[in-house]
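Structure below is coords_25.cif: mmCIF, C-alpha atoms.
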```
data_data
loop_
_atom_site.label_atom_id
_atom_site.label_comp_id
_atom_site.auth_asym_id
_atom_site.auth_seq_id
_atom_site.Cartn_x
_atom_site.Cartn_y
_atom_site.Cartn_z
CA MET A 135 -1.28 -75.17 -49.06
CA ARG A 136 0.47 -71.96 -50.09
CA LYS A 137 0.30 -72.86 -53.78
CA GLU A 138 -3.26 -74.21 -53.74
CA ILE A 139 -5.06 -71.88 -51.34
CA ASN A 140 -6.92 -70.22 -54.22
CA ILE A 141 -8.48 -73.59 -55.03
CA PHE A 142 -9.31 -74.57 -51.43
CA SER A 143 -10.68 -71.18 -50.44
CA ASN A 144 -13.41 -71.49 -53.11
CA ILE A 145 -14.65 -74.84 -51.82
CA LYS A 146 -17.22 -75.17 -49.04
CA PHE A 147 -16.11 -77.97 -46.68
CA SER A 148 -18.19 -79.58 -43.95
CA TYR A 149 -15.12 -80.29 -41.80
CA SER A 150 -11.54 -79.08 -41.74
CA PHE A 151 -8.78 -80.78 -39.73
CA ILE A 152 -5.24 -79.45 -39.37
CA ASP A 153 -2.45 -81.47 -37.77
CA GLU A 154 0.62 -79.91 -36.12
CA ALA A 155 -1.45 -76.78 -35.50
CA GLN A 156 1.49 -75.07 -33.76
CA TYR A 157 2.61 -74.10 -37.25
CA ILE A 158 -0.14 -71.45 -37.32
CA LYS A 159 0.79 -70.02 -33.91
CA ASN A 160 2.07 -66.84 -35.56
CA SER A 161 -1.13 -65.14 -36.68
CA ASN A 162 0.84 -62.88 -39.04
CA SER A 163 2.55 -65.68 -40.95
CA LEU A 164 1.51 -66.45 -44.53
CA LEU A 165 0.76 -70.08 -43.62
CA SER A 166 -1.55 -69.02 -40.80
CA LYS A 167 -3.40 -66.55 -43.03
CA ASN A 168 -3.80 -69.14 -45.79
CA VAL A 169 -5.10 -71.88 -43.50
CA LYS A 170 -7.69 -69.49 -42.05
CA GLN A 171 -9.07 -68.88 -45.55
CA ILE A 172 -10.37 -72.46 -45.72
CA ASN A 173 -14.16 -72.32 -45.71
CA ALA A 174 -15.45 -75.04 -43.38
CA SER A 175 -18.49 -75.36 -41.15
CA ILE A 176 -16.60 -77.15 -38.37
CA ARG A 177 -12.86 -76.92 -37.74
CA PHE A 178 -10.49 -79.04 -35.65
CA ALA A 179 -6.88 -78.31 -34.72
CA LEU A 180 -4.53 -81.07 -33.49
CA THR A 181 -1.27 -80.24 -31.71
CA GLY A 182 0.98 -81.43 -28.93
CA THR A 183 2.17 -77.90 -28.21
CA PRO A 184 -0.72 -75.39 -28.30
CA ILE A 185 1.42 -72.91 -26.34
CA GLU A 186 5.18 -72.68 -26.62
CA ASN A 187 6.04 -69.12 -25.64
CA SER A 188 2.94 -66.92 -25.37
CA LEU A 189 -0.84 -67.00 -24.99
CA SER A 190 -1.12 -65.30 -28.39
CA GLU A 191 -0.13 -68.63 -29.96
CA LEU A 192 -3.23 -70.25 -28.51
CA TRP A 193 -5.27 -67.25 -29.64
CA SER A 194 -4.13 -67.85 -33.22
CA ILE A 195 -5.20 -71.51 -33.12
CA PHE A 196 -8.60 -70.48 -31.72
CA ASP A 197 -8.79 -67.84 -34.44
CA TYR A 198 -8.72 -70.74 -36.91
CA CYS A 199 -11.20 -72.98 -35.06
CA LEU A 200 -13.58 -70.31 -33.77
CA PRO A 201 -12.87 -66.95 -35.42
CA GLY A 202 -13.79 -64.09 -33.10
CA TYR A 203 -14.46 -66.26 -30.05
CA LEU A 204 -11.39 -64.90 -28.23
CA LEU A 205 -12.00 -61.40 -29.63
CA SER A 206 -9.52 -59.59 -31.86
CA HIS A 207 -5.85 -60.12 -31.16
CA TYR A 208 -5.52 -56.59 -29.79
CA LYS A 209 -8.44 -56.99 -27.38
CA PHE A 210 -7.27 -60.48 -26.36
CA GLN A 211 -3.86 -59.12 -25.41
CA LYS A 212 -5.38 -56.19 -23.52
CA ILE A 213 -8.05 -58.18 -21.63
CA PHE A 214 -6.27 -61.51 -21.04
CA GLU A 215 -2.65 -61.90 -22.09
CA LYS A 216 -1.04 -58.80 -20.59
CA PRO A 217 -2.86 -58.99 -17.21
CA ILE A 218 -2.13 -62.73 -16.91
CA ILE A 219 1.52 -62.61 -17.98
CA ASN A 220 2.62 -59.20 -16.72
CA LYS A 221 0.51 -58.90 -13.56
CA ASN A 222 -0.15 -62.56 -12.71
CA ASP A 223 -3.88 -61.75 -12.63
CA GLN A 224 -5.40 -64.98 -11.28
CA GLU A 225 -8.98 -63.79 -11.78
CA LYS A 226 -8.38 -63.18 -15.49
CA LEU A 227 -6.58 -66.51 -15.74
CA THR A 228 -9.58 -68.33 -14.27
CA ILE A 229 -11.98 -66.56 -16.64
CA PHE A 230 -9.71 -67.42 -19.59
CA ARG A 231 -9.45 -71.09 -18.60
CA ASP A 232 -13.22 -71.38 -18.19
CA LYS A 233 -13.72 -69.76 -21.58
CA ILE A 234 -11.47 -72.17 -23.53
CA LYS A 235 -12.11 -75.35 -21.51
CA PRO A 236 -15.26 -76.53 -23.39
CA PHE A 237 -13.34 -76.50 -26.68
CA ILE A 238 -10.15 -78.29 -25.67
CA LEU A 239 -9.78 -82.05 -25.43
CA ARG A 240 -6.44 -82.93 -23.88
CA ARG A 241 -5.08 -86.47 -23.92
CA LEU A 242 -1.73 -87.59 -22.57
CA LYS A 243 -0.02 -90.65 -24.03
CA LYS A 244 -0.45 -92.51 -20.77
CA ASP A 245 -4.22 -91.99 -21.06
CA VAL A 246 -4.57 -93.65 -24.44
CA ILE A 247 -1.57 -95.98 -24.80
CA ASN A 248 -1.41 -98.63 -22.10
CA GLU A 249 1.58 -100.56 -23.35
CA LEU A 250 4.04 -97.81 -24.29
CA PRO A 251 7.50 -98.64 -22.91
CA GLU A 252 9.13 -96.55 -20.21
CA LYS A 253 11.00 -93.34 -20.99
CA LYS A 254 14.11 -92.54 -18.91
CA ILE A 255 15.65 -89.07 -18.92
CA TYR A 256 19.32 -88.38 -18.14
CA ILE A 257 21.02 -84.98 -17.95
CA TYR A 258 24.80 -84.84 -18.39
CA PHE A 259 26.49 -81.70 -17.13
CA ASN A 260 29.70 -81.53 -19.11
CA TRP A 261 32.37 -78.86 -19.07
CA ASN A 262 35.27 -78.96 -16.61
CA ASP A 263 37.69 -81.06 -18.67
CA TRP A 264 37.71 -78.56 -21.54
CA TRP A 265 39.44 -75.49 -20.19
CA THR A 266 40.10 -73.96 -23.64
CA GLN A 267 36.39 -74.06 -24.48
CA LYS A 268 35.42 -72.65 -21.09
CA LYS A 269 38.02 -69.87 -21.41
CA ILE A 270 36.53 -68.85 -24.80
CA TYR A 271 33.04 -68.82 -23.30
CA MET A 272 34.00 -66.66 -20.32
CA SER A 273 35.98 -64.29 -22.53
CA TYR A 274 33.03 -63.80 -24.85
CA VAL A 275 30.67 -63.23 -21.89
CA LYS A 276 32.96 -60.45 -20.69
CA THR A 277 33.17 -58.84 -24.14
CA ALA A 278 29.42 -59.18 -24.77
CA LYS A 279 28.55 -57.47 -21.47
CA LYS A 280 30.58 -54.42 -22.44
CA GLU A 281 28.97 -54.29 -25.90
CA LEU A 282 25.48 -54.60 -24.44
CA MET A 283 25.99 -51.90 -21.84
CA LYS A 284 27.25 -49.53 -24.50
CA GLU A 285 24.31 -50.19 -26.85
CA PHE A 286 21.80 -50.05 -23.99
CA GLU A 287 23.06 -46.63 -22.92
CA GLU A 288 22.94 -45.34 -26.51
CA PHE A 289 19.73 -46.92 -27.85
CA GLY A 290 17.71 -48.27 -24.89
CA LEU A 291 16.27 -51.74 -24.29
CA GLU A 292 13.96 -52.06 -27.32
CA LYS A 293 16.71 -51.50 -29.88
CA THR A 294 19.10 -53.76 -27.95
CA LYS A 295 16.90 -56.88 -28.00
CA ILE A 296 18.22 -58.17 -31.34
CA LYS A 297 21.77 -57.80 -30.05
CA ILE A 298 20.85 -59.76 -26.91
CA LEU A 299 19.40 -62.62 -28.98
CA SER A 300 22.52 -62.68 -31.16
CA ILE A 301 24.78 -62.91 -28.11
CA LEU A 302 22.72 -65.70 -26.55
CA THR A 303 22.91 -67.68 -29.79
CA LYS A 304 26.69 -67.29 -29.96
CA LEU A 305 27.06 -68.39 -26.33
CA ARG A 306 25.01 -71.50 -27.10
CA GLN A 307 27.20 -72.22 -30.12
CA ILE A 308 30.36 -71.96 -28.04
CA CYS A 309 28.89 -74.46 -25.58
CA CYS A 310 28.35 -76.91 -28.44
CA ASP A 311 31.40 -76.45 -30.64
CA PRO A 312 33.52 -73.25 -30.71
CA SER A 313 34.67 -74.06 -34.27
CA VAL A 314 31.29 -72.88 -35.64
CA PHE A 315 31.95 -69.50 -34.04
CA ILE A 316 35.73 -69.09 -34.32
CA SER A 317 37.67 -69.60 -37.55
CA ASN A 318 40.63 -72.01 -37.38
CA TYR A 319 39.68 -73.17 -33.88
CA ASN A 320 41.20 -76.58 -33.08
CA GLY A 321 40.82 -76.80 -29.32
CA GLY A 322 38.13 -79.47 -29.42
CA SER A 323 34.65 -79.68 -27.92
CA GLY A 324 33.88 -81.32 -24.60
CA LYS A 325 30.32 -81.99 -25.73
CA ILE A 326 31.33 -83.72 -28.94
CA GLU A 327 33.82 -85.87 -27.02
CA ARG A 328 31.10 -86.83 -24.53
CA LEU A 329 28.79 -87.60 -27.44
CA LYS A 330 31.42 -89.84 -29.04
CA ASN A 331 31.73 -91.76 -25.76
CA ILE A 332 27.97 -92.25 -25.52
CA ILE A 333 27.84 -93.49 -29.12
CA GLU A 334 30.73 -95.92 -28.60
CA GLU A 335 29.06 -97.32 -25.47
CA ASN A 336 25.67 -97.84 -27.11
CA ILE A 337 26.00 -98.26 -30.87
CA LYS A 338 26.22 -102.06 -30.97
CA GLU A 339 22.76 -102.75 -29.56
CA ASN A 340 20.87 -99.50 -30.16
CA LYS A 341 19.82 -96.94 -32.73
CA ILE A 342 20.35 -93.30 -31.79
CA LEU A 343 18.69 -89.99 -32.70
CA ILE A 344 20.75 -86.82 -32.20
CA PHE A 345 18.93 -83.47 -32.24
CA SER A 346 20.42 -79.99 -32.38
CA GLN A 347 19.22 -76.48 -33.20
CA PHE A 348 22.44 -75.80 -35.10
CA THR A 349 22.89 -77.43 -38.49
CA THR A 350 26.54 -76.32 -38.57
CA VAL A 351 27.15 -78.28 -35.36
CA LEU A 352 25.30 -81.32 -36.73
CA LYS A 353 27.39 -81.24 -39.91
CA ASN A 354 30.59 -81.14 -37.84
CA ILE A 355 29.39 -84.14 -35.82
CA TYR A 356 28.47 -85.96 -39.03
CA GLN A 357 31.95 -85.36 -40.45
CA LYS A 358 33.62 -86.61 -37.28
CA LEU A 359 31.50 -89.78 -37.37
CA GLN A 360 32.49 -90.32 -41.00
CA ASN A 361 36.15 -89.89 -40.06
CA ASN A 362 35.71 -92.61 -37.44
CA LYS A 363 34.08 -94.98 -39.98
CA ILE A 364 30.68 -94.69 -38.27
CA ARG A 365 27.76 -94.64 -40.70
CA ALA A 366 25.22 -91.92 -40.01
CA LEU A 367 22.25 -90.25 -41.67
CA TYR A 368 21.53 -86.54 -41.73
CA LEU A 369 18.33 -84.49 -42.13
CA ASP A 370 17.63 -80.77 -41.87
CA GLY A 371 15.27 -78.20 -43.38
CA GLN A 372 17.17 -78.23 -46.68
CA THR A 373 16.61 -81.96 -47.25
CA LYS A 374 14.30 -82.51 -50.22
CA ILE A 375 11.03 -84.39 -49.64
CA ILE A 376 11.93 -87.42 -51.78
CA GLU A 377 15.38 -87.66 -50.23
CA ARG A 378 13.83 -87.21 -46.78
CA LYS A 379 11.61 -90.29 -47.29
CA ASN A 380 14.56 -92.37 -48.50
CA ILE A 381 16.69 -91.37 -45.51
CA ILE A 382 13.93 -92.25 -43.04
CA ASN A 383 13.30 -95.62 -44.72
CA LYS A 384 17.01 -96.39 -44.63
CA PHE A 385 17.21 -95.65 -40.90
CA MET A 386 14.14 -97.76 -40.15
CA SER A 387 15.15 -100.76 -42.28
CA ASP A 388 18.95 -100.85 -42.54
CA ASP A 389 20.83 -101.95 -39.41
CA ASP A 390 24.08 -100.62 -40.83
CA TYR A 391 22.83 -97.13 -40.01
CA LYS A 392 22.61 -96.69 -36.25
CA ILE A 393 22.94 -92.88 -36.01
CA PHE A 394 20.47 -90.29 -37.28
CA LEU A 395 21.36 -86.58 -36.99
CA LEU A 396 18.35 -84.23 -37.21
CA SER A 397 17.79 -80.52 -36.85
CA LEU A 398 15.25 -79.89 -34.12
CA LYS A 399 12.95 -77.87 -36.35
CA ALA A 400 12.92 -80.18 -39.38
CA GLY A 401 13.12 -83.52 -37.60
CA GLY A 402 11.25 -82.78 -34.41
CA VAL A 403 7.71 -83.30 -35.75
CA GLY A 404 5.81 -85.58 -38.10
CA LEU A 405 8.30 -88.46 -38.19
CA ASN A 406 7.98 -92.05 -36.99
CA LEU A 407 11.42 -93.25 -35.91
CA THR A 408 10.59 -96.05 -33.49
CA LYS A 409 13.66 -98.08 -34.48
CA ALA A 410 15.60 -95.64 -32.29
CA ASN A 411 15.57 -96.18 -28.56
CA ILE A 412 18.13 -93.54 -27.54
CA VAL A 413 17.43 -89.84 -28.09
CA ILE A 414 20.19 -87.29 -27.51
CA HIS A 415 19.46 -83.58 -27.28
CA PHE A 416 22.88 -82.11 -28.01
CA ASP A 417 21.81 -78.62 -26.94
CA PRO A 418 18.73 -77.41 -25.05
CA TRP A 419 16.00 -75.37 -26.71
CA TRP A 420 14.14 -72.62 -24.85
CA ASN A 421 10.84 -74.50 -24.77
CA PRO A 422 10.77 -78.06 -23.36
CA ALA A 423 7.62 -78.90 -25.35
CA THR A 424 9.65 -78.68 -28.58
CA GLU A 425 12.22 -81.11 -27.21
CA ASN A 426 9.48 -83.44 -25.98
CA GLN A 427 7.96 -83.54 -29.44
CA ALA A 428 11.34 -84.48 -30.89
CA THR A 429 11.73 -87.23 -28.28
CA ASP A 430 8.33 -88.55 -29.31
CA ARG A 431 9.71 -89.43 -32.75
CA ALA A 432 10.99 -92.53 -30.93
CA HIS A 433 8.73 -92.76 -27.87
CA ARG A 434 5.43 -93.47 -29.62
CA ILE A 435 3.13 -96.26 -30.78
CA GLY A 436 5.27 -99.01 -32.31
CA GLN A 437 8.13 -98.63 -29.85
CA ASN A 438 8.90 -101.87 -27.99
CA LYS A 439 12.02 -100.83 -26.06
CA THR A 440 12.66 -98.48 -23.16
CA VAL A 441 13.61 -95.11 -24.59
CA GLU A 442 16.58 -93.32 -23.03
CA VAL A 443 16.62 -89.54 -23.40
CA ILE A 444 20.00 -87.87 -22.87
CA ARG A 445 20.41 -84.10 -22.61
CA LEU A 446 23.94 -82.69 -22.80
CA ILE A 447 24.28 -79.48 -20.80
CA ALA A 448 27.36 -77.29 -20.28
CA LYS A 449 27.43 -76.54 -16.58
CA GLY A 450 27.63 -72.93 -15.44
CA THR A 451 26.57 -71.54 -18.82
CA ILE A 452 23.53 -70.19 -20.64
CA GLU A 453 22.48 -73.82 -21.17
CA GLU A 454 22.00 -74.33 -17.44
CA ARG A 455 19.85 -71.19 -17.36
CA ILE A 456 17.72 -72.65 -20.16
CA ILE A 457 17.13 -75.74 -18.02
CA ASP A 458 15.96 -73.42 -15.21
CA ILE A 459 13.48 -71.88 -17.66
CA HIS A 460 12.27 -75.39 -18.53
CA GLU A 461 11.47 -76.01 -14.89
CA LYS A 462 9.42 -72.80 -14.67
CA LYS A 463 7.48 -73.58 -17.85
#
```

With the file now loaded, output its structure as structure tokens.
Amino acid sequence: MRKEINIFSNIKFSYSFIDEAQYIKNSNSLLSKNVKQINASIRFALTGTPIENSLSELWSIFDYCLPGYLLSHYKFQKIFEKPIINKNDQEKLTIFRDKIKPFILRRLKKDVINELPEKKIYIYFNWNDWWTQKKIYMSYVKTAKKELMKEFEEFGLEKTKIKILSILTKLRQICCDPSVFISNYNGGSGKIERLKNIIEENIKENKILIFSQFTTVLKNIYQKLQNNKIRALYLDGQTKIIERKNIINKFMSDDDYKIFLLSLKAGGVGLNLTKANIVIHFDPWWNPATENQATDRAHRIGQNKTVEVIRLIAKGTIEERIIDIHEKK
């Protein structure tokens, strides 16, 4: 699309369909701007996650389908988004819902697929047996609080936000595997040990997908599986398209490969991996819809087994707070 937009923008289409429309949720991104240059009389957008974090994401999708219908972005934020989000304005929310309702067709899998097998979700809270890992986490929390207070006093909240995001990311990394955060760390990871146990218990009769936000963590897991003579496949955003197809075909057709490690962003959409019937989310992402889409790589048309979804959560940490956010969303 980015390379050929000059060709497409000069063609008059009757219809335009875009799949995975959440990729244009950022109205300022180059992809979003390019897609909106397509000249079509009627436009359709297909997505499982029209809103992940803000109402502006839905505005951007509407800006593709019906340019101007939800006003300019500035006016949309002023009239709808800020009153609804910041002030919980129920009147504005009702007006907004009524305005978009005629143009949205929502279908759940249970509405259109009668024979899809059951999906079971398990949450493992794992932590207490790994005191070294917990000690590192608590120590970093203490240090980070001091750093944040100092920066907040000097620069205020706006200029401290990037620092906050950086700290949250590091805390999440410590929960997964401290070795990606600390050089020469050899104290082990409670999560990886729990993962190894789950794999050993299930690998004979099942194929397993393992998702993580952190490619460094996935690569460490991959290496540990190799060291234990367990064959696994790996895919992230750096995997080339041709290689990507070969890896997917190998997982779907070769029973010697029971484990597939995927980054949440690169492997969470657009793939059919119904040979897998166990999905493990090694670390939680802020938005549950993103995790659900990743789970649906296995729980979809063509699946004939019950799908087990396992989420590994470090108790008493930022990960447990993320689960609380999931419940609110």

Quick one: everything within 6 Å of A:Leu180, counting all atoms listed in the file, minus sequence neighbours fewer than 3 positions away in the same chain. Send it as an MDAnalysis selection string.
-> chainID A and resid 153:155

Evaluate the PyMOL selection byres ((chain A and resi 383-387) around 9) and report residues as a list in words |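 This file, filtered by the PyMOL selection byres ((chain A and resi 383-387) around 9), leaves Lys341, Ala366, Leu367, Arg378, Lys379, Asn380, Ile381, Ile382, Asp388, Asp389, Asp390, Tyr391, Lys392, Ile393, Phe394, Asn406, Leu407, Thr408, Lys409 and Ala410 of chain A.
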
Would you work out the distance separating atom CA of A:Leu204 from atom CA of A:Phe230, expressed in Å to one decimal?
-> 9.2 Å

Distance in Å - atom CA of A:Phe214 versus atom CA of A:Leu227 =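 That distance, rounded to one decimal, is 7.3 Å.
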
So how many Å separate atom CA of A:Leu239 and atom CA of A:Thr181, to one decimal?
-> 10.7 Å

Counting only C-alpha atoms, select every polymer residue within 8 Å of (16.9, -89.4, -20.2) as defined in the file's coordinates, and provide the selection as a PyMOL selection string.
-> chain A and resi 253-257+413+441-445

Take the selection from the previous step and output its residues with C-alpha atoms, as a PDB file, in the frame of the given file.
```pdb
ATOM      1  CA  LYS A 253      11.000 -93.340 -20.990  1.00  0.00           C
ATOM      2  CA  LYS A 254      14.110 -92.540 -18.910  1.00  0.00           C
ATOM      3  CA  ILE A 255      15.650 -89.070 -18.920  1.00  0.00           C
ATOM      4  CA  TYR A 256      19.320 -88.380 -18.140  1.00  0.00           C
ATOM      5  CA  ILE A 257      21.020 -84.980 -17.950  1.00  0.00           C
ATOM      6  CA  VAL A 413      17.430 -89.840 -28.090  1.00  0.00           C
ATOM      7  CA  VAL A 441      13.610 -95.110 -24.590  1.00  0.00           C
ATOM      8  CA  GLU A 442      16.580 -93.320 -23.030  1.00  0.00           C
ATOM      9  CA  VAL A 443      16.620 -89.540 -23.400  1.00  0.00           C
ATOM     10  CA  ILE A 444      20.000 -87.870 -22.870  1.00  0.00           C
ATOM     11  CA  ARG A 445      20.410 -84.100 -22.610  1.00  0.00           C
TER      12      ARG A 445
END
```

Top pick for closest residue to A:His460, considering A:Ala423, A:Leu299, A:Leu343, A:Ile435 and counting only C-alpha atoms =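 Among the listed residues, the smallest separation from A:His460 belongs to A:Ala423.
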
Hits from the PyMOL selection byres ((chain A and resi 415) around 7), listed as a list in words = Ile344, Phe345, Ser346, Val413, Ile414, Phe416, Asp417, Pro418, Ile444, Arg445 and Leu446 of chain A

Could you write out as an MDAnalysis selection string the residues that the PyMOL selection byres ((chain A and resi 306) around 12) matches in the shown file?
-> chainID A and resid 267 271 274:275 299:305 307:312 314:315 325 346:348 351 416:420 447:449 451:456

Around all the atoms of stretch 269-274 of chain A listed in the file, with 4 Å of room on each side, what axis-aligned box do you get, giving centre and edge lengths in Å to one decimal, as JSON?
```
{"center_x": 35.5, "center_y": -66.8, "center_z": -22.6, "size_x": 13.0, "size_y": 14.1, "size_z": 12.5}
```

Have a look at A:Arg431, A:Asp197, A:Leu189, A:Asn411 and name the one nearest to A:Glu215; count only C-alpha atoms.
->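 Checking each candidate against A:Glu215, we get A:Leu189 as the closest.
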
Contact residues around A:Lys279 with only C-alpha atoms at 12 Å, ignoring same-chain residues under 5 positions, as a VMD selection string | chain A and resid 272 to 274 284 to 286 297 to 298 301 to 302

Measuring atom to atom with all atoms listed in the file, identify which of A:Thr349, A:Gln427, A:Gln156, A:Asn173 is nearest to A:Ile195.
->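 Of A:Thr349, A:Gln427, A:Gln156, A:Asn173, the one nearest A:Ile195 is A:Gln156, counting all atoms listed in the file.
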
Choose the residue, out of A:Leu352, A:Ala400, A:Ile270, A:Ile457, that has the smallest atom-to-atom separation from A:Thr373; count only C-alpha atoms.
->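 Under the stated criterion, the closest residue is A:Ala400.
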
What lies within 12 Å of A:Tyr208 using only C-alpha atoms, ignoring chain neighbours under 4 positions off, as a PyMOL selection string?
-> chain A and resi 161+190+193-194+202+204+212-216

Export, as an mmCIF file, in the coordinates of the input, the selected residues with C-alpha atoms.
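Everything below was put into selection19.cif:
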```cif
data_model
loop_
_atom_site.group_PDB
_atom_site.id
_atom_site.type_symbol
_atom_site.label_atom_id
_atom_site.label_comp_id
_atom_site.auth_asym_id
_atom_site.auth_seq_id
_atom_site.Cartn_x
_atom_site.Cartn_y
_atom_site.Cartn_z
ATOM 1 C CA SER A 161 -1.130 -65.140 -36.680
ATOM 2 C CA SER A 190 -1.120 -65.300 -28.390
ATOM 3 C CA TRP A 193 -5.270 -67.250 -29.640
ATOM 4 C CA SER A 194 -4.130 -67.850 -33.220
ATOM 5 C CA GLY A 202 -13.790 -64.090 -33.100
ATOM 6 C CA LEU A 204 -11.390 -64.900 -28.230
ATOM 7 C CA LYS A 212 -5.380 -56.190 -23.520
ATOM 8 C CA ILE A 213 -8.050 -58.180 -21.630
ATOM 9 C CA PHE A 214 -6.270 -61.510 -21.040
ATOM 10 C CA GLU A 215 -2.650 -61.900 -22.090
ATOM 11 C CA LYS A 216 -1.040 -58.800 -20.590
#
```

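Of the residues listed (A:Ala174, A:Leu369, A:Ile333, A:Ile342), A:Leu369 shows the shortest atom-to-atom separation from A:Ser397; distances use all atoms listed in the file.
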
Of the residues A:Ile412, A:Phe151, A:Asp223, A:Lys295, which is the one nearest to A:His433, using all atoms listed in the file?
->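 Of the candidates, the smallest distance to A:His433 is held by A:Ile412.
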
Excluding A:Asn162 and residues on its chain fewer than 3 positions from it, collect all residues at most 12 Å away from it, counting all atoms listed in the file, and give them as a VMD selection string.
-> chain A and resid 157 to 159 165 to 170 190 to 191 194 197 207

Tell me which protein, DNA and RNA residues are within 10 Å of A:Val403, counting all atoms listed in the file, leaving out same-chain ones fewer than 6 positions away, and put them as a list in words.
->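 Using all atoms listed in the file, the neighbours found are Glu154, Gly182, Thr424, Glu425, Asn426, Gln427, Ala428, Thr429, Asp430 and Arg431 of chain A.
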